[in-house]
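Colleague: What follows is a structure written as structure tokens; I'll ask about it next.
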Amino acid sequence: MTWPPIRKAPQDRAAANLKDYEAEVADFSWAAARAELQGLPQGGLNIAHEALDRHVQAGRGAQLALRWIGRDDTVRDFTYAELTIQANRFANLLLSLGVSRGDRVYSLLGRTPELYFAALGALKAGAVFTPLFSAFGPEPIRARMEIGQANVLVTSETLYHRKVESWRGEMTSLRQVLLVDCSGEAPAGTLALEPALARADPDFATAQTAPEDMALLHFTSGTTGRPKGAVHVHEAVVAHHVTGRNALDLRPGDIYWCTADPGWVTGTSYGIISPLTNGVSLIVDEAEFDAERWRSILQAQSVTVWYTAPTAIRMLMKVWAQDRRPYEVPALRFMASVGEPLNPEAVVWGVEAFGRPFHDNWWQTETGGIMIANFAAMDIKPGSMGRPLPGVTAGIVERLPDGLVREVDKPMALGELALRPGWPSIMRGYLHEEERFRKCFVGGWYLSGDLAMRDSDGYYWFVGRADDVIKSAGHLIGPFEVESVLMEHAAVAEAAVIGLPDPISGEVVKAYVALKPGLVGDEALRRELLGHARKRLGAAVAPKDIAFRQNLPKTRSGKIMRRLLKARELGLPEGDLSTLESEER
Ligand code: ATP
Ligand code: MG
């Protein structure tokens, strides 16, 4: 570990929500966390009630809940009371369309206010909400709607014509399509959403959902293969709430910007639910990533807590290589990252550019909420994902030949990252994939499929996905370590490392590198990077070959698709590409 720890100042520790990690871990119980929420008047639990109604009933209705910034910089503000009314109208509309408890409501929308009304309204109505990325093509949309047997789709007129209309008639479960932004009369078999909402009753008694009722169906990112549909229930809100406070340091009144699209789980758990249950004001930007725009949002909106992802951070670093204007963000208190390993370089860059480090945290669609995190009051070891949240028991396990697992206790021993089931937001199943779901649980552990190590201070270090780990001449090589070393080089903007079959070593390491703007990947630079990696990692672990790429293939949620680089290199089938982002960027 070459990166020195980033120490937290005593005043920052004292101000943090979670001040004393060990004490909090010892004291924590999920029952106590549940008691912080209100629950429904006649028992039961509903995510939207905790996110909206509870605040309004407690007299906090006038507080800003959502500030939406349109592509053209139009701003629309919604207080907690106003957002509740919109969600109520949406819930009433669903009821008037015959939607009943457990029915599936899908959204296929850009980040528009209606997406937020639909998510919260569907939950209020006791329906199951599934958000899809608006950039998905027709096939991935159709496949996901078929898996979940969608009953209602909320989309825009443009997206409907382009992506849904041609096959809609074949989907018998789909009873109603609601369209945002209808230019004139709604197309046959659809309903214009805005006028229907305006007509709907603004009062609604939230459905009496039980904690174990299904609330959300989320598809995984598709980084390792065909996406799975993870089932989540209303009780997940207990985890959303308390992890937002502990891991993201959310406090009532914060101005919070989660840059993730609700098309994947972060944009819902921490882009809608957790911030609202914690009484913060959400910033939502409709536009796609743009370094200058992001700078201006952080500054002009006085964002206090910012939750983003490694890909975005690396893109900002790329711009920084040419424009080192420091960010003027005195209001910003806490910055966090999720989705992919965050290179130590990027953590430390946070201090240079923003005056504070990024706090990496780890979780999955399946876990429903943050499981391992760098906390506000804790020193950061750059490159580590942090420590398990209070209420979460993590371990490093090895799989044994008899199909069982054994925990490995030795510091920095490599194994699979595993969690003891029992936290409220754990998935309740992969829809229609019972066997696959069952295989995730062995010997009282939930097995994550990620490899990691734990040091003697209890910090976890991501090594790679089990599928991506490289076995070369008797060494187990984690792609993340090699990628991070390449990232240390001033010319490198992004790196991805894979193993290629080799008759002598079993596998050899190959790296793909995208360079910072204006640099040319020539033979001299290739040799320099190979030399740098050999010096830092030793010949056994360093890449044997480096290829330059303009961009690396990524999922829509911003994850590098190493499996695709490998398939292309070996001339193998490319597999499920439904979540692949266009590689133009
Ligand atoms: P699929 O399961 O369909 O292949 P996916 O695993 O990428 O896709 P998600 O649930 O969106 O789908 O992502 C969870 C995964 O993302 C984790 O299992 C881990 O591999 C990676 N990840 C998330 N956060 C971190 C982090 N902080 N450090 C390292 N890896 C992370
Ligand atoms: Mg996964």
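Following the order of the structure tokens, first chain is A, next is B, and so on, with residues numbered from 1 inside each chain and ligands from 1 in the order they appear.
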Residues within 9 Å of ligand 2 (only C-alpha atoms and all ligand atoms), as an MDAnalysis selection string?

Modeller: chainID A and resid 220:225 227:228 364:366 448:450 465

Colleague: Just the selected residues (C-alpha atoms), exported as an mmCIF file, in the first residue's frame, please.

Modeller:
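Written file, again.cif:
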data_model
loop_
_atom_site.group_PDB
_atom_site.id
_atom_site.type_symbol
_atom_site.label_atom_id
_atom_site.label_comp_id
_atom_site.auth_asym_id
_atom_site.auth_seq_id
_atom_site.Cartn_x
_atom_site.Cartn_y
_atom_site.Cartn_z
ATOM 1 C CA THR A 220 -28.519 -5.640 -12.626
ATOM 2 C CA SER A 221 -26.042 -3.783 -14.796
ATOM 3 C CA GLY A 222 -25.190 -6.682 -17.094
ATOM 4 C CA THR A 223 -21.445 -6.259 -16.578
ATOM 5 C CA THR A 224 -20.765 -9.978 -16.304
ATOM 6 C CA GLY A 225 -23.555 -11.363 -18.462
ATOM 7 C CA PRO A 227 -28.918 -8.969 -16.421
ATOM 8 C CA LYS A 228 -30.888 -10.505 -13.571
ATOM 9 C CA GLN A 364 -24.840 -4.389 -5.459
ATOM 10 C CA THR A 365 -28.304 -4.444 -6.963
ATOM 11 C CA GLU A 366 -28.782 -7.598 -4.897
ATOM 12 C CA SER A 448 -21.283 -11.590 -3.722
ATOM 13 C CA GLY A 449 -19.248 -12.920 -6.630
ATOM 14 C CA ASP A 450 -16.589 -10.265 -5.949
ATOM 15 C CA ARG A 465 -14.993 -9.858 -9.865
#

Colleague: Where does DSSP see helix (DSSP H, G or I) in region 141-189 of chain A, if you list the residues as an MDAnalysis selection string?

Modeller: chainID A and resid 141:147 157:168

Colleague: Write out as a count of residues only the residues lying within 8 Å of Gly499 (chain A), counting only C-alpha atoms and excluding same-chain residues fewer than 6 positions away.

Modeller: 9

Colleague: Between A:Glu407, A:Glu286, A:Glu82, A:Asp261, which one has atoms that come closest to ligand 1, using only C-alpha atoms and all ligand atoms?

Modeller: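 The closest residue to ligand 1 is A:Asp261.
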
Colleague: Tell me which of A:Val347, A:Ile6, A:Val265, A:Ala205 sits closest to Thr367 (chain A), counting only C-alpha atoms.

Modeller: A:Val265

Colleague: Can you measure CA of Met145 (chain A) to CA of Arg563 (chain A) for me? One decimal in Å is fine.

Modeller: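 If I compute the distance from CA of Met145 (chain A) to CA of Arg563 (chain A), I get 25.4 Å.
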
Colleague: Just the number, please: distance in Å from CA of Thr266 (chain A) to CA of Ser425 (chain A), one decimal.

Modeller: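 Going from CA of Thr266 (chain A) over to CA of Ser425 (chain A) covers 13.0 Å.
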
Colleague: Extract, using only C-alpha atoms, all DNA, RNA and protein residues at most 12 Å from region 18-35 of chain A, discarding same-chain residues fewer than 2 positions from it, and format them as a ChimeraX atom specification.

Modeller: /A:8,10-16,37-39,44-45,50,211,234-251,373-379,386-393,422-425,457-458

Colleague: Which residue is closest to ligand 1? Choose from A:Ile380, A:Leu404, A:Ala567, A:Ala309 and count only C-alpha atoms and all ligand atoms.

Modeller: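 Closest to ligand 1 of all the choices is A:Ala309.
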
Colleague: Within 7 Å of Ala150 (chain A), counting only C-alpha atoms, which residues show up once you throw out same-chain ones fewer than 4 positions away? Write them as a ChimeraX atom specification, please.

Modeller: /A:104-106,145-146,173-174

Colleague: Which value, in Å to one decimal, gives the distance between CA of Gln550 (chain A) and CA of Pro501 (chain A)?

Modeller: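 The value is 24.7 Å.
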
Colleague: In terms of the shortest atom-to-atom distance over only C-alpha atoms and all ligand atoms, which of A:Asp502, A:Glu288, A:Asp522, A:Glu340 is closest to ligand 1?

Modeller: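 Answer, going by the shortest atom-to-atom distance: A:Glu340.
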